[in-house]
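Participant: start.csv (CSV, C-alpha atoms and all ligand atoms) pasted underneath:
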```
chain,number,residue,atom,x,y,z
A,22,MET,CA,17.7,16.0,8.8
A,23,ALA,CA,19.1,13.9,11.6
A,24,ILE,CA,16.9,11.4,13.4
A,25,ASP,CA,16.5,12.1,17.1
A,26,SER,CA,19.2,10.3,19.1
A,27,ASN,CA,16.7,8.8,21.6
A,28,PHE,CA,14.8,7.3,18.7
A,29,LEU,CA,18.0,5.9,17.2
A,30,GLU,CA,19.0,4.3,20.5
A,31,ARG,CA,15.6,2.6,20.7
A,32,LEU,CA,16.1,1.4,17.1
A,33,ARG,CA,19.5,0.1,17.8
A,34,HIS,CA,18.1,-1.9,20.7
A,35,TYR,CA,15.3,-3.2,18.5
A,36,GLN,CA,17.6,-4.3,15.6
A,37,PRO,CA,18.2,-8.0,16.6
A,38,ARG,CA,14.4,-8.5,17.2
A,39,ALA,CA,13.6,-6.7,14.0
A,40,ILE,CA,15.7,-9.2,12.1
A,41,ASP,CA,14.0,-12.1,13.9
A,42,LEU,CA,10.6,-10.7,12.9
A,43,ILE,CA,11.7,-10.2,9.2
A,44,ASN,CA,13.0,-13.7,9.1
A,45,ARG,CA,9.5,-14.9,10.0
A,46,PHE,CA,7.7,-13.0,7.2
A,47,SER,CA,7.7,-16.2,5.0
A,48,GLN,CA,5.5,-18.0,7.5
A,49,ALA,CA,2.7,-15.5,7.3
A,50,ARG,CA,-0.6,-16.3,5.5
A,51,VAL,CA,-2.5,-13.2,4.5
A,52,LEU,CA,-5.7,-12.5,2.7
A,53,VAL,CA,-6.0,-9.2,0.9
A,54,VAL,CA,-9.5,-7.9,0.1
A,55,GLY,CA,-8.8,-5.1,-2.3
A,56,ASP,CA,-9.6,-2.9,-5.3
A,57,LEU,CA,-7.3,-4.3,-7.9
A,58,THR,CA,-5.7,-2.0,-10.5
A,59,LEU,CA,-3.4,-2.7,-13.4
A,60,ASP,CA,-0.8,0.1,-14.1
A,61,GLU,CA,0.3,0.1,-17.7
A,62,PHE,CA,3.2,2.1,-19.2
A,63,LEU,CA,3.4,2.3,-23.0
A,64,THR,CA,6.5,4.0,-24.3
A,65,GLY,CA,7.9,4.7,-27.7
A,66,GLN,CA,9.8,7.1,-29.9
A,67,VAL,CA,8.2,10.3,-31.2
A,68,GLU,CA,8.3,10.0,-35.0
A,69,ARG,CA,6.4,13.0,-36.4
A,70,LEU,CA,3.1,15.0,-36.3
A,71,SER,CA,0.0,13.2,-37.7
A,72,ARG,CA,-1.8,14.5,-40.8
A,73,GLU,CA,-5.2,13.5,-39.4
A,74,ALA,CA,-5.0,15.8,-36.3
A,75,PRO,CA,-2.4,17.9,-34.6
A,76,VAL,CA,-1.1,15.0,-32.5
A,77,LEU,CA,2.2,13.2,-32.1
A,78,ILE,CA,2.8,9.8,-33.6
A,79,ILE,CA,4.7,7.5,-31.4
A,80,ARG,CA,6.4,4.3,-32.6
A,81,HIS,CA,5.6,1.7,-29.8
A,82,GLU,CA,8.6,0.3,-28.1
A,83,THR,CA,7.6,-1.2,-24.8
A,84,THR,CA,4.6,-2.1,-22.7
A,85,ARG,CA,5.1,-2.6,-19.0
A,86,GLN,CA,2.3,-3.8,-16.7
A,87,VAL,CA,2.5,-3.7,-12.9
A,88,PRO,CA,0.0,-4.2,-10.1
A,89,GLY,CA,-1.5,-1.0,-8.7
A,90,GLY,CA,-3.9,0.1,-6.0
A,91,GLY,CA,-4.8,-2.8,-3.8
A,92,ALA,CA,-3.0,-5.1,-6.2
A,93,ASN,CA,0.2,-3.3,-5.2
A,94,ALA,CA,-0.4,-4.2,-1.5
A,95,VAL,CA,-0.9,-7.8,-2.6
A,96,TYR,CA,2.3,-7.8,-4.6
A,97,ASN,CA,4.3,-6.1,-1.8
A,98,LEU,CA,3.2,-8.9,0.6
A,99,ALA,CA,4.3,-11.5,-1.9
A,100,THR,CA,7.7,-10.1,-2.5
A,101,LEU,CA,8.2,-9.8,1.3
A,102,GLY,CA,7.8,-13.6,1.3
A,103,ALA,CA,4.3,-14.0,2.6
A,104,GLN,CA,1.7,-16.6,1.4
A,105,VAL,CA,-0.9,-14.4,-0.1
A,106,LYS,CA,-4.5,-14.9,-1.2
A,107,VAL,CA,-6.3,-12.2,-3.0
A,108,ALA,CA,-10.0,-11.4,-3.0
A,109,GLY,CA,-11.4,-8.9,-5.5
A,110,PHE,CA,-12.8,-8.3,-8.9
A,111,VAL,CA,-11.2,-8.1,-12.4
A,112,GLY,CA,-13.1,-7.6,-15.6
A,113,LYS,CA,-13.5,-10.2,-18.4
A,114,ASP,CA,-10.6,-8.6,-20.3
A,115,GLU,CA,-7.0,-8.8,-21.2
A,116,GLN,CA,-6.0,-6.5,-18.3
A,117,GLY,CA,-7.6,-8.9,-15.9
A,118,ASN,CA,-5.7,-11.8,-17.4
A,119,ALA,CA,-2.5,-9.8,-17.2
A,120,LEU,CA,-3.0,-9.1,-13.5
A,121,ARG,CA,-3.8,-12.8,-12.9
A,122,HIS,CA,-0.6,-13.9,-14.7
A,123,ILE,CA,1.6,-11.4,-12.8
A,124,PHE,CA,0.1,-12.7,-9.5
A,125,GLU,CA,0.4,-16.4,-10.5
A,126,ALA,CA,4.1,-15.9,-11.4
A,127,ALA,CA,4.5,-14.6,-7.8
A,128,ARG,CA,2.8,-17.7,-6.4
A,129,ILE,CA,-0.2,-15.6,-5.2
A,130,ASP,CA,-3.4,-17.6,-4.8
A,131,THR,CA,-5.9,-16.0,-7.2
A,132,THR,CA,-8.9,-18.3,-6.5
A,133,GLY,CA,-10.7,-15.3,-5.0
A,134,MET,CA,-10.1,-13.0,-8.0
A,135,LEU,CA,-13.6,-13.1,-9.3
A,136,VAL,CA,-14.5,-12.1,-12.8
A,137,ASP,CA,-17.1,-9.3,-13.0
A,138,SER,CA,-18.2,-9.3,-16.6
A,139,ASP,CA,-20.2,-6.0,-16.2
A,140,ARG,CA,-17.2,-3.9,-15.3
A,141,PRO,CA,-13.6,-3.5,-16.7
A,142,THR,CA,-10.5,-4.2,-14.8
A,143,VAL,CA,-9.5,-0.9,-13.3
A,144,THR,CA,-6.5,0.1,-15.6
A,145,LYS,CA,-4.4,3.2,-15.8
A,146,THR,CA,-2.4,3.4,-19.0
A,147,ARG,CA,0.3,6.1,-19.2
A,148,ILE,CA,1.5,6.8,-22.8
A,149,SER,CA,5.0,8.3,-22.9
A,150,GLY,CA,7.2,9.3,-25.7
A,151,HIS,CA,10.8,10.3,-26.2
A,152,ALA,CA,12.6,12.1,-29.0
A,153,ARG,CA,16.0,10.9,-30.1
A,154,GLN,CA,18.1,12.5,-27.4
A,155,SER,CA,15.6,13.5,-24.8
A,156,VAL,CA,14.1,12.0,-21.6
A,157,THR,CA,10.8,10.0,-21.7
A,158,GLN,CA,7.8,12.2,-20.9
A,159,GLN,CA,4.3,11.2,-20.1
A,160,ILE,CA,1.9,12.6,-22.7
A,161,VAL,CA,-1.5,11.3,-21.7
A,162,ARG,CA,-3.1,8.8,-19.3
A,163,VAL,CA,-6.1,6.7,-20.2
A,164,ASP,CA,-8.2,5.2,-17.3
A,165,ARG,CA,-10.6,2.3,-17.6
A,166,LYS,CA,-13.1,2.0,-14.8
A,167,SER,CA,-16.8,1.8,-14.1
A,168,ASP,CA,-18.7,3.9,-11.6
A,169,ALA,CA,-21.2,1.2,-11.1
A,170,LEU,CA,-21.1,-1.1,-8.1
A,171,PRO,CA,-20.7,-4.9,-8.7
A,172,SER,CA,-24.0,-6.8,-8.8
A,173,LEU,CA,-25.4,-8.0,-5.5
A,174,GLU,CA,-24.8,-11.6,-6.6
A,175,ASN,CA,-21.0,-10.8,-7.2
A,176,GLN,CA,-20.8,-9.0,-3.9
A,177,LEU,CA,-22.2,-12.0,-2.0
A,178,GLN,CA,-20.0,-14.4,-3.9
A,179,LEU,CA,-17.0,-12.4,-2.9
A,180,ALA,CA,-18.1,-12.3,0.8
A,181,ALA,CA,-18.7,-16.0,0.8
A,182,TYR,CA,-15.1,-16.6,-0.5
A,183,ILE,CA,-13.7,-14.3,2.2
A,184,ARG,CA,-15.7,-16.1,4.9
A,185,GLU,CA,-14.4,-19.5,3.7
A,186,GLN,CA,-10.8,-18.3,3.9
A,187,LEU,CA,-10.8,-16.6,7.4
A,188,HIS,CA,-9.6,-19.7,9.3
A,189,THR,CA,-6.7,-20.3,6.8
A,190,VAL,CA,-5.0,-16.9,7.3
A,191,ASP,CA,-3.2,-15.0,10.0
A,192,ALA,CA,-4.4,-11.6,9.0
A,193,VAL,CA,-6.8,-9.8,6.6
A,194,VAL,CA,-5.8,-6.6,4.9
A,195,CYS,CA,-8.6,-4.4,3.4
A,196,SER,CA,-7.2,-2.2,0.7
A,197,ASP,CA,-10.0,0.2,-0.3
A,198,TYR,CA,-9.4,2.6,-3.2
A,199,GLY,CA,-13.1,3.2,-3.7
A,200,ASP,CA,-13.6,1.0,-6.7
A,201,GLY,CA,-16.4,-1.2,-5.4
A,202,VAL,CA,-14.8,-4.3,-4.0
A,203,LEU,CA,-15.3,-3.3,-0.3
A,204,THR,CA,-19.1,-3.1,-0.2
A,205,ALA,CA,-21.0,-4.0,3.1
A,206,PRO,CA,-21.0,-7.8,2.6
A,207,ALA,CA,-17.2,-7.9,2.0
A,208,ILE,CA,-16.4,-5.6,4.9
A,209,GLU,CA,-18.6,-7.6,7.2
A,210,ALA,CA,-17.0,-10.8,6.2
A,211,ALA,CA,-13.5,-9.5,6.5
A,212,LEU,CA,-14.0,-8.0,10.0
A,213,GLN,CA,-14.9,-11.4,11.4
A,214,HIS,CA,-11.1,-12.1,11.5
A,215,PRO,CA,-9.4,-11.1,14.7
A,216,LEU,CA,-6.5,-9.3,13.0
A,217,THR,CA,-7.7,-6.8,10.3
A,218,ILE,CA,-5.7,-4.0,8.9
A,219,VAL,CA,-7.6,-1.3,7.0
A,220,ASP,CA,-6.1,1.0,4.4
A,221,THR,CA,-9.0,3.1,3.0
A,222,GLN,CA,-9.2,6.4,1.2
A,223,LYS,CA,-12.6,7.2,2.6
A,224,HIS,CA,-15.3,6.2,5.1
A,225,LEU,CA,-13.1,4.7,7.9
A,226,GLN,CA,-16.2,4.3,10.1
A,227,ARG,CA,-17.5,1.6,7.8
A,228,TYR,CA,-14.7,-0.6,9.2
A,229,ALA,CA,-15.5,0.1,12.9
A,230,GLY,CA,-13.9,-2.5,15.1
A,231,ALA,CA,-11.0,-3.3,12.8
A,232,THR,CA,-7.6,-3.8,14.6
A,233,LEU,CA,-5.6,-1.1,12.9
A,234,PHE,CA,-6.1,1.7,10.3
A,235,THR,CA,-3.3,3.3,8.2
A,236,PRO,CA,-4.7,6.6,6.7
A,237,ASN,CA,-2.3,9.0,5.2
A,238,LEU,CA,-2.4,12.6,6.3
A,239,PRO,CA,-5.0,13.9,3.7
A,240,GLU,CA,-7.2,10.8,4.4
A,241,ALA,CA,-7.0,11.5,8.1
A,242,GLU,CA,-7.9,15.2,7.6
A,243,GLN,CA,-10.8,14.2,5.4
A,244,ALA,CA,-12.1,11.8,8.1
A,245,VAL,CA,-11.9,14.2,11.0
A,246,GLY,CA,-13.0,17.3,9.0
A,247,TYR,CA,-10.2,19.7,10.0
A,248,ALA,CA,-6.6,20.5,9.0
A,249,ILE,CA,-3.9,18.6,10.8
A,250,ASP,CA,-1.2,21.3,10.9
A,251,SER,CA,0.1,21.5,14.5
A,252,PRO,CA,1.1,19.1,17.3
A,253,GLN,CA,-2.3,19.8,18.9
A,254,THR,CA,-4.4,19.0,15.9
A,255,LEU,CA,-2.4,15.9,15.3
A,256,THR,CA,-3.0,14.6,18.8
A,257,GLN,CA,-6.7,15.6,18.5
A,258,ALA,CA,-7.0,13.8,15.2
A,259,GLY,CA,-5.5,10.6,16.6
A,260,SER,CA,-8.0,10.5,19.4
A,261,ASP,CA,-10.9,11.5,17.1
A,262,LEU,CA,-10.0,8.7,14.7
A,263,LEU,CA,-9.8,6.2,17.4
A,264,SER,CA,-13.3,7.0,18.7
A,265,LEU,CA,-14.6,7.2,15.1
A,266,THR,CA,-13.4,3.7,14.3
A,267,ARG,CA,-13.3,2.0,17.7
A,268,ALA,CA,-9.9,0.7,16.5
A,269,LYS,CA,-7.2,-0.6,18.9
A,270,GLN,CA,-4.7,1.7,17.3
A,271,MET,CA,-4.4,4.2,14.6
A,272,LEU,CA,-1.4,4.8,12.3
A,273,ILE,CA,-1.3,8.1,10.4
A,274,THR,CA,1.4,8.0,7.6
A,275,ARG,CA,2.7,11.5,7.1
A,276,GLY,CA,4.9,11.4,4.0
A,277,ASP,CA,8.3,12.9,4.6
A,278,GLU,CA,7.4,13.4,8.3
A,279,GLY,CA,7.2,9.6,8.7
A,280,MET,CA,4.3,8.3,10.8
A,281,SER,CA,2.5,8.7,14.1
A,282,LEU,CA,1.1,5.7,16.0
A,283,PHE,CA,-1.8,6.6,18.4
A,284,HIS,CA,-2.8,4.4,21.4
A,285,PRO,CA,-6.2,4.4,23.1
A,286,THR,CA,-4.4,5.7,26.2
A,287,GLY,CA,-4.1,9.1,24.5
A,288,THR,CA,-0.3,8.8,23.9
A,289,HIS,CA,1.4,8.5,20.6
A,290,ASP,CA,4.7,7.5,19.1
A,291,ARG,CA,6.4,9.4,16.4
A,292,ILE,CA,8.4,7.4,13.9
A,293,PRO,CA,10.6,9.7,11.6
A,294,ALA,CA,11.0,9.0,7.9
A,295,PHE,CA,14.1,6.8,7.6
A,296,ASN,CA,15.2,8.1,4.2
A,297,ARG,CA,14.9,11.7,3.3
A,298,THR,CA,17.8,12.1,0.9
A,299,ASP,CA,17.2,9.8,-2.0
A,300,VAL,CA,13.5,10.0,-2.5
A,301,PHE,CA,12.4,9.7,-6.1
A,302,ASP,CA,8.8,8.5,-6.2
A,303,VAL,CA,6.5,8.0,-3.2
A,304,THR,CA,3.7,6.4,-5.2
A,305,GLY,CA,2.5,3.3,-3.5
A,306,ALA,CA,4.7,3.8,-0.4
A,307,GLY,CA,1.5,3.5,1.7
A,308,ASP,CA,0.8,0.0,0.3
A,309,THR,CA,4.4,-1.1,1.2
A,310,VAL,CA,3.8,0.2,4.8
A,311,VAL,CA,0.7,-1.9,5.1
A,312,ALA,CA,2.4,-5.0,3.8
A,313,ALA,CA,5.5,-4.9,6.0
A,314,LEU,CA,3.4,-3.8,9.0
A,315,THR,CA,1.0,-6.6,8.6
A,316,LEU,CA,3.8,-9.2,8.4
A,317,GLY,CA,5.4,-7.7,11.5
A,318,LEU,CA,2.2,-8.2,13.4
A,319,THR,CA,1.7,-11.8,12.2
A,320,ALA,CA,5.3,-12.5,13.3
A,321,GLY,CA,4.3,-11.4,16.8
A,322,GLY,CA,5.7,-7.9,16.7
A,323,SER,CA,4.1,-5.1,18.8
A,324,LEU,CA,2.4,-2.3,16.9
A,325,TRP,CA,5.4,0.0,17.4
A,326,GLU,CA,7.8,-2.8,16.2
A,327,SER,CA,5.6,-3.5,13.2
A,328,ALA,CA,5.1,0.2,12.3
A,329,VAL,CA,8.9,0.6,12.3
A,330,LEU,CA,9.1,-2.3,9.9
A,331,GLY,CA,6.5,-0.6,7.6
A,332,ASN,CA,8.5,2.6,7.8
A,333,LEU,CA,11.7,0.8,7.0
A,334,ALA,CA,10.2,-0.9,3.9
A,335,ALA,CA,8.8,2.4,2.7
A,336,SER,CA,12.2,4.0,3.0
A,337,ILE,CA,13.4,1.5,0.4
A,338,VAL,CA,10.6,1.8,-2.2
A,339,VAL,CA,10.6,5.6,-2.3
A,340,ARG,CA,13.9,5.3,-4.0
A,341,GLN,CA,12.4,3.6,-7.1
A,342,PHE,CA,10.2,5.1,-9.8
A,343,GLY,CA,6.5,4.0,-9.9
A,344,THR,CA,5.0,1.6,-7.4
A,345,ALA,CA,7.7,-0.7,-6.1
A,346,THR,CA,8.3,-3.6,-3.8
A,347,THR,CA,11.1,-4.7,-1.5
A,348,THR,CA,12.4,-7.9,0.0
A,349,PRO,CA,13.4,-9.2,3.5
A,350,ALA,CA,17.1,-9.1,2.5
A,351,GLU,CA,16.8,-5.5,1.4
A,352,MET,CA,15.0,-4.6,4.7
A,353,LYS,CA,17.7,-6.1,6.8
A,354,GLU,CA,20.4,-4.4,4.8
A,355,ALA,CA,18.6,-1.0,5.0
A,356,LEU,CA,18.3,-1.3,8.8
A,357,GLU,CA,22.0,-2.2,9.0
A,358,PHE,CA,22.9,0.8,6.9
A,359,LEU,CA,20.6,3.1,8.8
A,360,LEU,CA,22.3,2.2,12.1
A,361,SER,CA,25.8,2.5,10.6
A,362,GLU,CA,27.9,5.7,10.7
A,363,GLU,CA,27.9,6.1,6.9
A,364,SER,CA,24.1,6.7,6.8
A,365,GLY,CA,24.8,10.1,8.4
A,366,VAL,CA,21.5,10.1,10.3
A,367,LEU,CA,23.4,11.0,13.4
A,368,THR,CA,25.0,14.1,12.0
A,401,LIG,N1,8.9,12.4,0.8
A,401,LIG,C1,9.1,11.4,1.5
A,401,LIG,N2,10.4,11.2,2.1
A,401,LIG,C2,10.7,10.2,2.9
A,401,LIG,N3,9.8,9.2,3.2
A,401,LIG,C3,8.6,9.2,2.7
A,401,LIG,C4,8.2,10.3,1.8
A,401,LIG,N4,6.9,10.1,1.4
A,401,LIG,C5,6.6,8.9,2.0
A,401,LIG,N5,7.6,8.4,2.7
A,401,LIG,C6,7.5,7.1,3.5
A,401,LIG,O1,6.4,6.4,3.1
A,401,LIG,C7,5.4,6.3,4.1
A,401,LIG,C8,4.0,6.3,3.5
A,401,LIG,O2,3.9,7.5,2.8
A,401,LIG,P1,2.5,8.3,2.6
A,401,LIG,O3,2.1,8.9,3.9
A,401,LIG,O4,2.7,9.3,1.5
A,401,LIG,O5,1.5,7.1,2.2
A,401,LIG,P2,0.3,7.1,1.1
A,401,LIG,O6,-0.1,8.5,0.8
A,401,LIG,O7,-0.8,6.3,1.7
A,401,LIG,O8,0.9,6.4,-0.1
A,401,LIG,P3,0.1,5.7,-1.4
A,401,LIG,O9,-1.3,5.9,-1.1
A,401,LIG,O10,0.7,6.4,-2.6
A,401,LIG,O11,0.6,4.3,-1.3
A,401,LIG,C9,5.7,7.4,5.1
A,401,LIG,O12,5.3,7.0,6.4
A,401,LIG,C10,7.3,7.4,5.0
A,401,LIG,O13,7.9,6.4,5.7
A,402,MG,MG,-2.4,5.1,0.7
```
Rewrite the structure from the file as C-alpha cells, please.

Facilitator:
Amino acid sequence: MAIDSNFLERLRHYQPRAIDLINRFSQARVLVVGDLTLDEFLTGQVERLSREAPVLIIRHETTRQVPGGGANAVYNLATLGAQVKVAGFVGKDEQGNALRHIFEAARIDTTGMLVDSDRPTVTKTRISGHARQSVTQQIVRVDRKSDALPSLENQLQLAAYIREQLHTVDAVVCSDYGDGVLTAPAIEAALQHPLTIVDTQKHLQRYAGATLFTPNLPEAEQAVGYAIDSPQTLTQAGSDLLSLTRAKQMLITRGDEGMSLFHPTGTHDRIPAFNRTDVFDVTGAGDTVVAALTLGLTAGGSLWESAVLGNLAASIVVRQFGTATTTPAEMKEALEFLLSEESGVLT
C-alpha cells in the first residue's frame, strides 16, 4: 500500500530536522519505571521419545536471554543511545542477575533495580526443538511470576528512588505490564516529573495528568469500553481517552495501520505504518515506539515529529524476530530509504 503523497511531502520536508533530532538522542537522560521481564529461549535437537512419559527429549544446544516487557523499553532506549536509569524489581534469582548483567553491559544504570526476595523475576522461557532437517518449533513456554504485590516497604523504597532521580533526568517513562512495579507510590512519584510518557496495558486513569499515553488499539478499546472500528469511533475514542487521562496528547498505536495522534483541540494526525512489506514479528514494537518517541521529545521535537520517529523505529524492529532494538544510524538509513524511489511507497 502506498503512503499518501501529502504525508510523504510533509515527511520529506521534515527529514533534515528528523536527522538533527536523532543526532541528539545520545544527550537524553531517561528514567524508566517498569515491569521488568526476562525472555528466555532454550533450543536443542529432538533426540527421541522418553520412556518415563510420552514426551520429547531435547538435547540442549543454546540458551538466549533478552530483556522483555518494560525491560525491552529500557533496552531500546539504551541502543538508541540514551543515558538510561531503570527503576523496578527483580527477584533474588539467576534470572534477575542475568537481566542486571545485560543492562550493565549496555551501560544502563541499575541502581534502582531493587531486589524483591518475595517474588521471582518475571521470566518467560520458550523451549523449542528441531529435528535433523526441520525448522525450530516452540514446544512449550514456562512462565515464572507472582500474583502478589510487592511489600509496602519495597513499594516505598522504589518510590523514594524515583523521587531522588527526578531532577537528574529529562523524561520519565512508565512501562506498566501489570506485574506490580507501578503501584500508587511509584506512579505518584513518577508523575512529579514534567515530562512523563505512559505505556500501560490497563487502568490509564491511574496516570491522570501524565504528558502522553501510548496505548495500542486493544488497550484503547479496553479503556473506552467500545470497539474502535470506524473513523467515527476512532475520533470518539481519542477524545474520550484525553478526558479520561487529562493528558496533553494521546497516541494510539494501530499495528499495520500505523498510529493516530490526538490533540486536545479535537483534531488528530494519522501516521501510516512505514513498513508493510517485510514484517516478520511485531512483538515489542510498542516498546520501540515509546523509546524513540521519548527521545524525540527530549531532543525538542514536537509530538508529531516525535511520533514519526517512534513509527520509523518500529518499522525497523518489525523486520526482526522476537523483541528487537534499533540504532540512530539505522533510523537515519531507514528514513533515507523510505524517501527514496526504490522504497516504492509512492507507487
Ligand atoms: N503488522 C504491522 N505492519 C507494519 N507495521 C507495524 C505492524 N504492527 C506494528 N507495526 C508498527 O509498530 C507500531 C506499534 O505496534 P502495535 O500497535 O502493535 O504496538 P503494541 O501492541 O503496543 O506492541 P507491543 O505491546 O508488542 O510492544 C505501529 O504503530 C506500527 O508503526
Ligand atoms: Mg504495548

Participant: Tell me which protein, DNA and RNA residues are within 12 Å of Leu173 of chain A, counting only C-alpha atoms, leaving out same-chain ones fewer than 5 positions away, and put them as a list in words.

Facilitator: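 Here the qualifying residues turn out to be Asp137, Gln178, Leu179, Ala180, Gly201, Val202, Thr204, Ala205, Pro206 and Ala207 of chain A.
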
Participant: How about saving the chosen residues, C-alpha atoms kept, as a compact mmCIF listing (two decimals), in the frame of the given file?

Facilitator:
```txt
# COMPACT_ATOMS: atom_id res chain seq x y z
CA ASP A 137 -17.10 -9.30 -13.00
CA GLN A 178 -20.00 -14.40 -3.90
CA LEU A 179 -17.00 -12.40 -2.90
CA ALA A 180 -18.10 -12.30 0.80
CA GLY A 201 -16.40 -1.20 -5.40
CA VAL A 202 -14.80 -4.30 -4.00
CA THR A 204 -19.10 -3.10 -0.20
CA ALA A 205 -21.00 -4.00 3.10
CA PRO A 206 -21.00 -7.80 2.60
CA ALA A 207 -17.20 -7.90 2.00
```

Participant: When you draw a straight line from atom CA of His151 of chain A to atom CA of Ile79 of chain A, how long is it in Å?

Facilitator: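 Straight-line distance from atom CA of His151 of chain A to atom CA of Ile79 of chain A works out to 8.5 Å.
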
Participant: Show me which residues sit within 7 Å of ligand MG 402 (chain A) when counting all atoms listed in the file, and put them as a PyMOL selection string.

Facilitator: chain A and resi 220+222+236-237+305+307-308

Participant: Give the residues close to ligand LIG 401 (chain A), within 7 Å, counting only C-alpha atoms and all ligand atoms; write them as a ChimeraX atom specification.

Facilitator: /A:236-238,274-280,294-297,300,303-308,310,332-333,335-336,339

Participant: Would you kindly return, as a list in words, each protein, DNA or RNA residue with an atom no farther than 6 Å from any atom of segment 314-329 of chain A, considering all atoms listed in the file and excluding same-chain residues fewer than 6 positions away?

Facilitator: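 Residues near the query, excluding close chain neighbours: Leu42, Arg45 and Phe46 of chain A.
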
Participant: Pick the closest to Arg85 of chain A from A:His289, A:Arg147, A:Arg184, A:Lys223: which is it, counting all atoms listed in the file?

Facilitator: A:Arg147

Participant: Kindly give the distance, in Å, that separates atom CA of Ala231 of chain A and atom CA of Leu212 of chain A, rounded to a single decimal.

Facilitator: 6.2 Å

Participant: Restricting the calculation to only C-alpha atoms, which member of A:Gly91, A:Gly259, A:Gly117, A:Gly365 is positioned closest to Thr288 of chain A?

Facilitator: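 Closest to Thr288 of chain A of all the choices is A:Gly259.
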
Participant: Find the distance between atom CA of Ala74 of chain A and atom CA of Asp60 of chain A and write it in Å to one decimal.

Facilitator: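 Computed distance, atom CA of Ala74 of chain A to atom CA of Asp60 of chain A, equals 27.5 Å.
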
Participant: So which residues are close to (4.2, -7.6, -25.0), meaning at most 12 Å away in the file's coordinates with only C-alpha atoms counted, and can you show them as an mmCIF file with C-alpha atoms, in the frame of the given file?

Facilitator:
```
data_model
loop_
_atom_site.group_PDB
_atom_site.id
_atom_site.type_symbol
_atom_site.label_atom_id
_atom_site.label_comp_id
_atom_site.auth_asym_id
_atom_site.auth_seq_id
_atom_site.Cartn_x
_atom_site.Cartn_y
_atom_site.Cartn_z
ATOM 1 C CA GLU A 61 0.300 0.100 -17.700
ATOM 2 C CA PHE A 62 3.200 2.100 -19.200
ATOM 3 C CA LEU A 63 3.400 2.300 -23.000
ATOM 4 C CA THR A 64 6.500 4.000 -24.300
ATOM 5 C CA HIS A 81 5.600 1.700 -29.800
ATOM 6 C CA GLU A 82 8.600 0.300 -28.100
ATOM 7 C CA THR A 83 7.600 -1.200 -24.800
ATOM 8 C CA THR A 84 4.600 -2.100 -22.700
ATOM 9 C CA ARG A 85 5.100 -2.600 -19.000
ATOM 10 C CA GLN A 86 2.300 -3.800 -16.700
ATOM 11 C CA GLU A 115 -7.000 -8.800 -21.200
ATOM 12 C CA ALA A 119 -2.500 -9.800 -17.200
#
```

Participant: Counting only C-alpha atoms, figure out which residue out of A:Asp302, A:Asp25, A:Leu263, A:Asp114 gets nearest to Gly343 of chain A.

Facilitator: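 Selected residue with least distance to Gly343 of chain A: A:Asp302.
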
Participant: Considering all atoms listed in the file, state which residue in the set A:Arg165, A:Lys106, A:Lys145, A:Arg291 is at the smallest distance from Gly55 of chain A.

Facilitator: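 Looking only at the distances to Gly55 of chain A, the closest residue turns out to be A:Lys106.
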
Participant: Using all atoms listed in the file, can you tell me which of A:Pro141, A:Asn93, A:Val54, A:Tyr247 comes closest to Cys195 of chain A?

Facilitator: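 Of A:Pro141, A:Asn93, A:Val54, A:Tyr247, the one nearest Cys195 of chain A is A:Val54, counting all atoms listed in the file.
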
Participant: So, counting only C-alpha atoms, which residue among A:Ala192, A:Val161, A:Leu177, A:Ile208 is closest to Gln48 of chain A?

Facilitator: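 Checking each of A:Ala192, A:Val161, A:Leu177, A:Ile208 against Gln48 of chain A, counting only C-alpha atoms, the winner is A:Ala192.
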
Participant: So that I can check the surroundings of Ile337 of chain A, please list as JSON, numbers by chain every protein, DNA and RNA residue that reaches within 8 Å of it, counting all atoms listed in the file and ignoring chain neighbours fewer than 3 positions away.

Facilitator: {"A": [296, 333, 334, 340, 341, 347, 351, 352, 355]}

Participant: Please, could you write that set of residues out with C-alpha atoms as a JSON list (two decimals), in the coordinates of the input?

Facilitator:
```
[["chain", "number", "residue", "atom", "x", "y", "z"],
["A", 296, "ASN", "CA", 15.20, 8.10, 4.20],
["A", 333, "LEU", "CA", 11.70, 0.80, 7.00],
["A", 334, "ALA", "CA", 10.20, -0.90, 3.90],
["A", 340, "ARG", "CA", 13.90, 5.30, -4.00],
["A", 341, "GLN", "CA", 12.40, 3.60, -7.10],
["A", 347, "THR", "CA", 11.10, -4.70, -1.50],
["A", 351, "GLU", "CA", 16.80, -5.50, 1.40],
["A", 352, "MET", "CA", 15.00, -4.60, 4.70],
["A", 355, "ALA", "CA", 18.60, -1.00, 5.00]]
```

Participant: With all atoms listed in the file as the counted atoms, please give the residues lying no more than 7 Å from Val193 of chain A, apart from itself and same-chain residues fewer than 5 positions off, as a list in words.

Facilitator: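 Once the nearby chain positions are removed, what remains is Val51, Leu52, Val53, Ala211, His214, Leu216, Thr217 and Ile218 of chain A.
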